[in-house]
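Reproduced below: structure_1.cif, with mmCIF, C-alpha atoms.
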data_upload
#
loop_
_atom_site.group_PDB
_atom_site.id
_atom_site.type_symbol
_atom_site.label_atom_id
_atom_site.label_comp_id
_atom_site.auth_asym_id
_atom_site.auth_seq_id
_atom_site.Cartn_x
_atom_site.Cartn_y
_atom_site.Cartn_z
ATOM 1 C CA MET A 184 0.000 0.000 0.000
ATOM 2 C CA ARG A 185 1.415 3.382 -0.993
ATOM 3 C CA THR A 186 1.760 6.187 1.517
ATOM 4 C CA ALA A 187 -0.379 9.324 1.348
ATOM 5 C CA GLU A 188 2.634 11.177 -0.055
ATOM 6 C CA ASP A 189 3.023 8.562 -2.793
ATOM 7 C CA ILE A 190 -0.664 8.854 -3.640
ATOM 8 C CA GLU A 191 -0.377 12.623 -3.936
ATOM 9 C CA GLN A 192 2.691 12.281 -6.134
ATOM 10 C CA GLN A 193 0.926 9.800 -8.391
ATOM 11 C CA ALA A 194 -2.066 12.114 -8.814
ATOM 12 C CA LEU A 195 0.242 15.031 -9.626
ATOM 13 C CA GLU A 196 2.090 12.926 -12.190
ATOM 14 C CA THR A 197 -1.202 11.927 -13.795
ATOM 15 C CA LEU A 198 -2.342 15.554 -13.969
ATOM 16 C CA SER A 199 0.956 16.575 -15.551
ATOM 17 C CA LYS A 200 1.394 13.614 -17.905
ATOM 18 C CA HIS A 201 -2.057 14.008 -19.434
ATOM 19 C CA LYS A 202 -2.051 17.839 -19.316
ATOM 20 C CA MET A 203 -5.372 17.717 -17.500
ATOM 21 C CA THR A 204 -5.460 21.347 -16.399
ATOM 22 C CA ALA A 205 -4.006 24.689 -17.409
ATOM 23 C CA PRO A 206 -3.624 27.917 -15.411
ATOM 24 C CA GLY A 207 -6.761 30.038 -15.446
ATOM 25 C CA GLN A 208 -9.155 27.155 -15.989
ATOM 26 C CA LYS A 209 -12.250 26.537 -13.915
ATOM 27 C CA ILE A 210 -12.710 22.911 -12.893
ATOM 28 C CA LEU A 211 -16.079 21.435 -11.939
ATOM 29 C CA VAL A 212 -15.415 18.564 -9.516
ATOM 30 C CA GLY A 213 -18.016 15.818 -9.272
ATOM 31 C CA VAL A 214 -18.407 15.023 -5.574
ATOM 32 C CA SER A 215 -20.667 12.300 -4.190
ATOM 33 C CA GLY A 216 -19.314 12.362 -0.644
ATOM 34 C CA GLY A 217 -17.560 9.003 -0.859
ATOM 35 C CA ALA A 218 -13.844 8.493 -0.242
ATOM 36 C CA ASP A 219 -12.783 8.732 -3.894
ATOM 37 C CA SER A 220 -14.473 12.067 -4.578
ATOM 38 C CA VAL A 221 -13.497 13.525 -1.189
ATOM 39 C CA VAL A 222 -9.844 12.717 -1.897
ATOM 40 C CA LEU A 223 -10.109 14.212 -5.384
ATOM 41 C CA LEU A 224 -11.567 17.442 -4.020
ATOM 42 C CA HIS A 225 -9.025 17.535 -1.182
ATOM 43 C CA LEU A 226 -6.097 17.199 -3.598
ATOM 44 C CA LEU A 227 -7.359 19.742 -6.131
ATOM 45 C CA HIS A 228 -8.155 22.209 -3.348
ATOM 46 C CA LYS A 229 -4.668 21.700 -1.890
ATOM 47 C CA TRP A 230 -3.049 22.361 -5.292
ATOM 48 C CA GLN A 231 -5.479 24.997 -6.492
ATOM 49 C CA GLU A 232 -3.082 27.914 -6.139
ATOM 50 C CA ALA A 233 -0.077 26.036 -7.521
ATOM 51 C CA LEU A 234 -2.059 24.863 -10.562
ATOM 52 C CA GLY A 235 -3.658 28.266 -11.052
ATOM 53 C CA ILE A 236 -7.158 26.809 -11.261
ATOM 54 C CA GLN A 237 -10.579 27.711 -9.868
ATOM 55 C CA LEU A 238 -12.806 25.031 -8.370
ATOM 56 C CA ALA A 239 -16.535 24.458 -8.211
ATOM 57 C CA VAL A 240 -18.336 21.327 -7.064
ATOM 58 C CA GLY A 241 -21.204 19.503 -8.712
ATOM 59 C CA HIS A 242 -23.377 17.111 -6.698
ATOM 60 C CA VAL A 243 -26.366 15.092 -7.884
ATOM 61 C CA HIS A 244 -29.126 13.637 -5.727
ATOM 62 C CA HIS A 245 -30.367 10.835 -7.986
ATOM 63 C CA GLY A 246 -33.764 10.446 -6.360
ATOM 64 C CA ILE A 247 -32.833 7.008 -5.018
ATOM 65 C CA ARG A 248 -31.625 5.665 -1.631
ATOM 66 C CA GLY A 249 -33.939 8.019 0.314
ATOM 67 C CA GLN A 250 -32.495 9.441 3.528
ATOM 68 C CA GLU A 251 -28.995 8.246 2.705
ATOM 69 C CA ALA A 252 -28.971 10.397 -0.425
ATOM 70 C CA ASP A 253 -30.387 13.340 1.559
ATOM 71 C CA ASP A 254 -27.547 12.924 4.059
ATOM 72 C CA GLU A 255 -24.991 12.867 1.230
ATOM 73 C CA ALA A 256 -26.343 16.111 -0.207
ATOM 74 C CA GLU A 257 -26.086 17.806 3.188
ATOM 75 C CA PHE A 258 -22.595 16.380 3.731
ATOM 76 C CA VAL A 259 -21.343 17.777 0.409
ATOM 77 C CA HIS A 260 -22.990 21.128 1.183
ATOM 78 C CA GLN A 261 -21.126 21.355 4.500
ATOM 79 C CA LEU A 262 -17.865 20.179 2.915
ATOM 80 C CA CYS A 263 -18.012 22.914 0.285
ATOM 81 C CA GLN A 264 -18.908 25.537 2.890
ATOM 82 C CA ASN A 265 -15.893 24.537 4.986
ATOM 83 C CA LEU A 266 -13.572 24.738 1.971
ATOM 84 C CA GLY A 267 -15.119 27.911 0.566
ATOM 85 C CA ILE A 268 -15.899 26.263 -2.780
ATOM 86 C CA PRO A 269 -19.115 27.083 -4.673
ATOM 87 C CA LEU A 270 -21.539 24.160 -4.910
ATOM 88 C CA PHE A 271 -23.962 23.438 -7.725
ATOM 89 C CA SER A 272 -26.402 20.688 -6.880
ATOM 90 C CA SER A 273 -29.464 19.123 -8.413
ATOM 91 C CA ARG A 274 -32.142 16.641 -7.462
ATOM 92 C CA GLU A 275 -32.777 14.337 -10.411
ATOM 93 C CA ASN A 276 -35.236 11.526 -11.073
ATOM 94 C CA ALA A 277 -33.101 8.562 -12.059
ATOM 95 C CA PRO A 278 -35.966 6.061 -11.510
ATOM 96 C CA ALA A 279 -38.052 7.883 -14.141
ATOM 97 C CA GLU A 280 -35.159 7.796 -16.624
ATOM 98 C CA LYS A 281 -34.624 4.117 -15.832
ATOM 99 C CA LYS A 282 -38.240 3.383 -16.733
ATOM 100 C CA ARG A 283 -38.367 5.673 -19.770
ATOM 101 C CA LEU A 284 -35.176 4.391 -21.384
ATOM 102 C CA HIS A 285 -35.219 0.806 -20.034
ATOM 103 C CA LEU A 286 -31.896 1.211 -18.252
ATOM 104 C CA SER A 287 -30.422 -0.313 -15.118
ATOM 105 C CA THR A 288 -30.493 1.813 -11.981
ATOM 106 C CA GLN A 289 -26.767 2.523 -12.265
ATOM 107 C CA GLU A 290 -26.986 3.427 -15.943
ATOM 108 C CA ALA A 291 -29.867 5.823 -15.292
ATOM 109 C CA ALA A 292 -27.986 7.419 -12.395
ATOM 110 C CA ARG A 293 -24.918 7.858 -14.560
ATOM 111 C CA LEU A 294 -27.010 9.409 -17.341
ATOM 112 C CA VAL A 295 -28.630 12.065 -15.156
ATOM 113 C CA ARG A 296 -25.348 12.746 -13.343
ATOM 114 C CA HIS A 297 -23.318 13.329 -16.495
ATOM 115 C CA ARG A 298 -26.084 15.379 -18.076
ATOM 116 C CA PHE A 299 -26.175 17.676 -15.052
ATOM 117 C CA LEU A 300 -22.392 18.003 -14.782
ATOM 118 C CA ARG A 301 -21.976 18.851 -18.469
ATOM 119 C CA SER A 302 -24.832 21.345 -18.376
ATOM 120 C CA THR A 303 -23.487 22.993 -15.221
ATOM 121 C CA ALA A 304 -19.943 23.153 -16.594
ATOM 122 C CA ALA A 305 -21.241 24.958 -19.667
ATOM 123 C CA GLN A 306 -23.277 27.394 -17.552
ATOM 124 C CA ILE A 307 -20.426 28.383 -15.237
ATOM 125 C CA GLY A 308 -17.664 28.341 -17.841
ATOM 126 C CA ALA A 309 -15.826 25.315 -16.459
ATOM 127 C CA GLU A 310 -13.502 23.900 -19.110
ATOM 128 C CA ARG A 311 -12.947 20.619 -17.285
ATOM 129 C CA ILE A 312 -15.068 18.183 -15.289
ATOM 130 C CA ALA A 313 -12.974 16.236 -12.788
ATOM 131 C CA LEU A 314 -14.335 12.804 -11.881
ATOM 132 C CA ALA A 315 -13.038 10.526 -9.129
ATOM 133 C CA HIS A 316 -12.792 7.333 -11.161
ATOM 134 C CA THR A 317 -9.944 5.191 -9.850
ATOM 135 C CA GLU A 318 -7.816 2.392 -11.230
ATOM 136 C CA THR A 319 -10.182 0.019 -9.410
ATOM 137 C CA ASP A 320 -13.162 1.457 -11.313
ATOM 138 C CA ARG A 321 -11.269 1.006 -14.570
ATOM 139 C CA ILE A 322 -10.541 -2.655 -13.829
ATOM 140 C CA GLU A 323 -14.167 -3.263 -12.853
ATOM 141 C CA THR A 324 -15.307 -1.639 -16.105
ATOM 142 C CA ILE A 325 -13.027 -3.921 -18.129
ATOM 143 C CA LEU A 326 -14.271 -7.029 -16.289
ATOM 144 C CA LEU A 327 -17.912 -6.064 -16.865
ATOM 145 C CA ARG A 328 -17.219 -5.537 -20.557
ATOM 146 C CA ILE A 329 -15.528 -8.922 -20.802
ATOM 147 C CA LEU A 330 -18.591 -10.538 -19.221
ATOM 148 C CA ARG A 331 -20.772 -8.764 -21.785
ATOM 149 C CA GLY A 332 -18.574 -9.907 -24.654
ATOM 150 C CA THR A 333 -16.562 -6.795 -25.466
ATOM 151 C CA GLY A 334 -14.247 -6.317 -28.403
ATOM 152 C CA THR A 335 -10.603 -5.349 -28.025
ATOM 153 C CA THR A 336 -11.425 -1.655 -27.537
ATOM 154 C CA GLY A 337 -13.484 -2.518 -24.451
ATOM 155 C CA LEU A 338 -10.380 -3.937 -22.811
ATOM 156 C CA GLU A 339 -9.031 -0.406 -22.419
ATOM 157 C CA GLY A 340 -11.661 0.557 -19.840
ATOM 158 C CA PHE A 341 -12.025 4.343 -19.874
ATOM 159 C CA PRO A 342 -9.331 6.941 -20.650
ATOM 160 C CA ALA A 343 -7.621 9.286 -18.234
ATOM 161 C CA VAL A 344 -8.856 12.189 -20.345
ATOM 162 C CA ASP A 345 -12.027 12.357 -22.405
ATOM 163 C CA LEU A 346 -12.547 16.093 -22.669
ATOM 164 C CA PRO A 347 -14.088 17.847 -20.919
ATOM 165 C CA ILE A 348 -13.757 14.946 -18.443
ATOM 166 C CA ILE A 349 -10.492 14.384 -16.581
ATOM 167 C CA ARG A 350 -9.708 11.598 -14.104
ATOM 168 C CA PRO A 351 -6.774 12.570 -11.822
ATOM 169 C CA LEU A 352 -7.161 9.377 -9.714
ATOM 170 C CA TYR A 353 -6.730 7.198 -12.809
ATOM 171 C CA GLN A 354 -3.758 5.291 -11.364
ATOM 172 C CA ILE A 355 -4.861 5.217 -7.716
ATOM 173 C CA ARG A 356 -6.734 2.264 -6.223
ATOM 174 C CA ARG A 357 -9.927 2.531 -4.199
ATOM 175 C CA GLU A 358 -8.355 1.088 -1.061
ATOM 176 C CA GLU A 359 -5.720 3.820 -1.311
ATOM 177 C CA THR A 360 -8.293 6.605 -1.259
ATOM 178 C CA HIS A 361 -9.818 5.093 1.897
ATOM 179 C CA ALA A 362 -6.371 4.860 3.494
ATOM 180 C CA TYR A 363 -5.686 8.482 2.506
ATOM 181 C CA CYS A 364 -8.915 9.602 4.201
ATOM 182 C CA ARG A 365 -7.971 7.745 7.357
ATOM 183 C CA GLN A 366 -4.480 9.252 7.459
ATOM 184 C CA TYR A 367 -5.767 12.816 7.091
ATOM 185 C CA ASN A 368 -8.995 12.251 9.060
ATOM 186 C CA LEU A 369 -11.071 13.328 6.070
ATOM 187 C CA PRO A 370 -14.792 12.785 6.703
ATOM 188 C CA ILE A 371 -16.703 10.786 4.105
ATOM 189 C CA CYS A 372 -20.300 9.799 3.504
ATOM 190 C CA PRO A 373 -20.128 6.222 2.164
ATOM 191 C CA ASP A 374 -22.683 4.928 -0.348
ATOM 192 C CA SER A 375 -24.123 1.599 0.848
ATOM 193 C CA SER A 376 -25.000 0.626 -2.726
ATOM 194 C CA ASN A 377 -21.279 0.280 -3.459
ATOM 195 C CA GLN A 378 -21.322 -2.783 -1.215
ATOM 196 C CA SER A 379 -24.219 -4.389 -3.066
ATOM 197 C CA PHE A 380 -23.656 -7.079 -5.682
ATOM 198 C CA ALA A 381 -26.983 -6.057 -7.240
ATOM 199 C CA TYR A 382 -25.135 -3.382 -9.229
#

Is it possible to give me this structure as structure tokens?
Amino acid sequence: MRTAEDIEQQALETLSKHKMTAPGQKILVGVSGGADSVVLLHLLHKWQEALGIQLAVGHVHHGIRGQEADDEAEFVHQLCQNLGIPLFSSRENAPAEKKRLHLSTQEAARLVRHRFLRSTAAQIGAERIALAHTETDRIETILLRILRGTGTTGLEGFPAVDLPIIRPLYQIRREETHAYCRQYNLPICPDSSNQSFAY
């Protein structure tokens, strides 16, 4: 397991290698309240001045998971207040999109989330949308595609950069973000659905 310093260095190297940001840019950071997104926001906030960037946070309440989702929204609100970062949030209806488009719950949630983040980025002039996808997420994506019978392109998972989307945690594992939160006593609001095999 890498140290917190190693994790920070890896994220910095990923940002630099893929030229994810440039001075003067506004970055909309997708924050759910889980360990991955909290670490992403923590790192970008820590490096904000050095990178010459402005931050804003986007949070989506998907209209699922009831009180847990309400608690997440409040958690992200307080987190942004404490850091002095503007928050743009929305309550969406993922179940309605699931029914209308015959999607899985996760696919519908992803649809409404990305739609909101892209729309918000355009409205506030954010040139990049930073997402907290980790190396673990990439491996899981590849495995799911193999199970579905993917071609060779599916074996690549998702890219580090797919403008306007950037993924600074691209080479950091999920267990490392949890360890990072523990080392720095960063509060998180875990999503119980991440522990469910239903998804």

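For the choices A:Thr317, A:Glu232, A:Ile268, A:Arg298, the atom-to-atom distance to Gly207 of chain A is smallest for A:Glu232 when using all atoms listed in the file.
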
Counting all atoms listed in the file, which residue out of A:Met203, A:Leu234, A:Leu266, A:Ile210 sits closest to Ala309 of chain A? A:Ile210

In Å, how far is it from atom CA of Ser215 of chain A to atom CA of Lys200 of chain A?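 Computing it gives 26.0 Å between the two atoms.
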
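Note that atom CA of Ala218 of chain A and atom CA of Cys263 of chain A are 15.0 Å apart.
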
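Comparing A:His228, A:Lys202, A:His242, A:Arg331 by their smallest distance to Arg301 of chain A, the closest is A:His242 (using all atoms listed in the file).
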
Ranking A:Leu327, A:Leu352, A:Leu227, A:Ala205 by minimum distance to Ala315 of chain A and counting all atoms listed in the file, which one comes first?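 Residue with the minimum atom-to-atom distance to Ala315 of chain A: A:Leu352.
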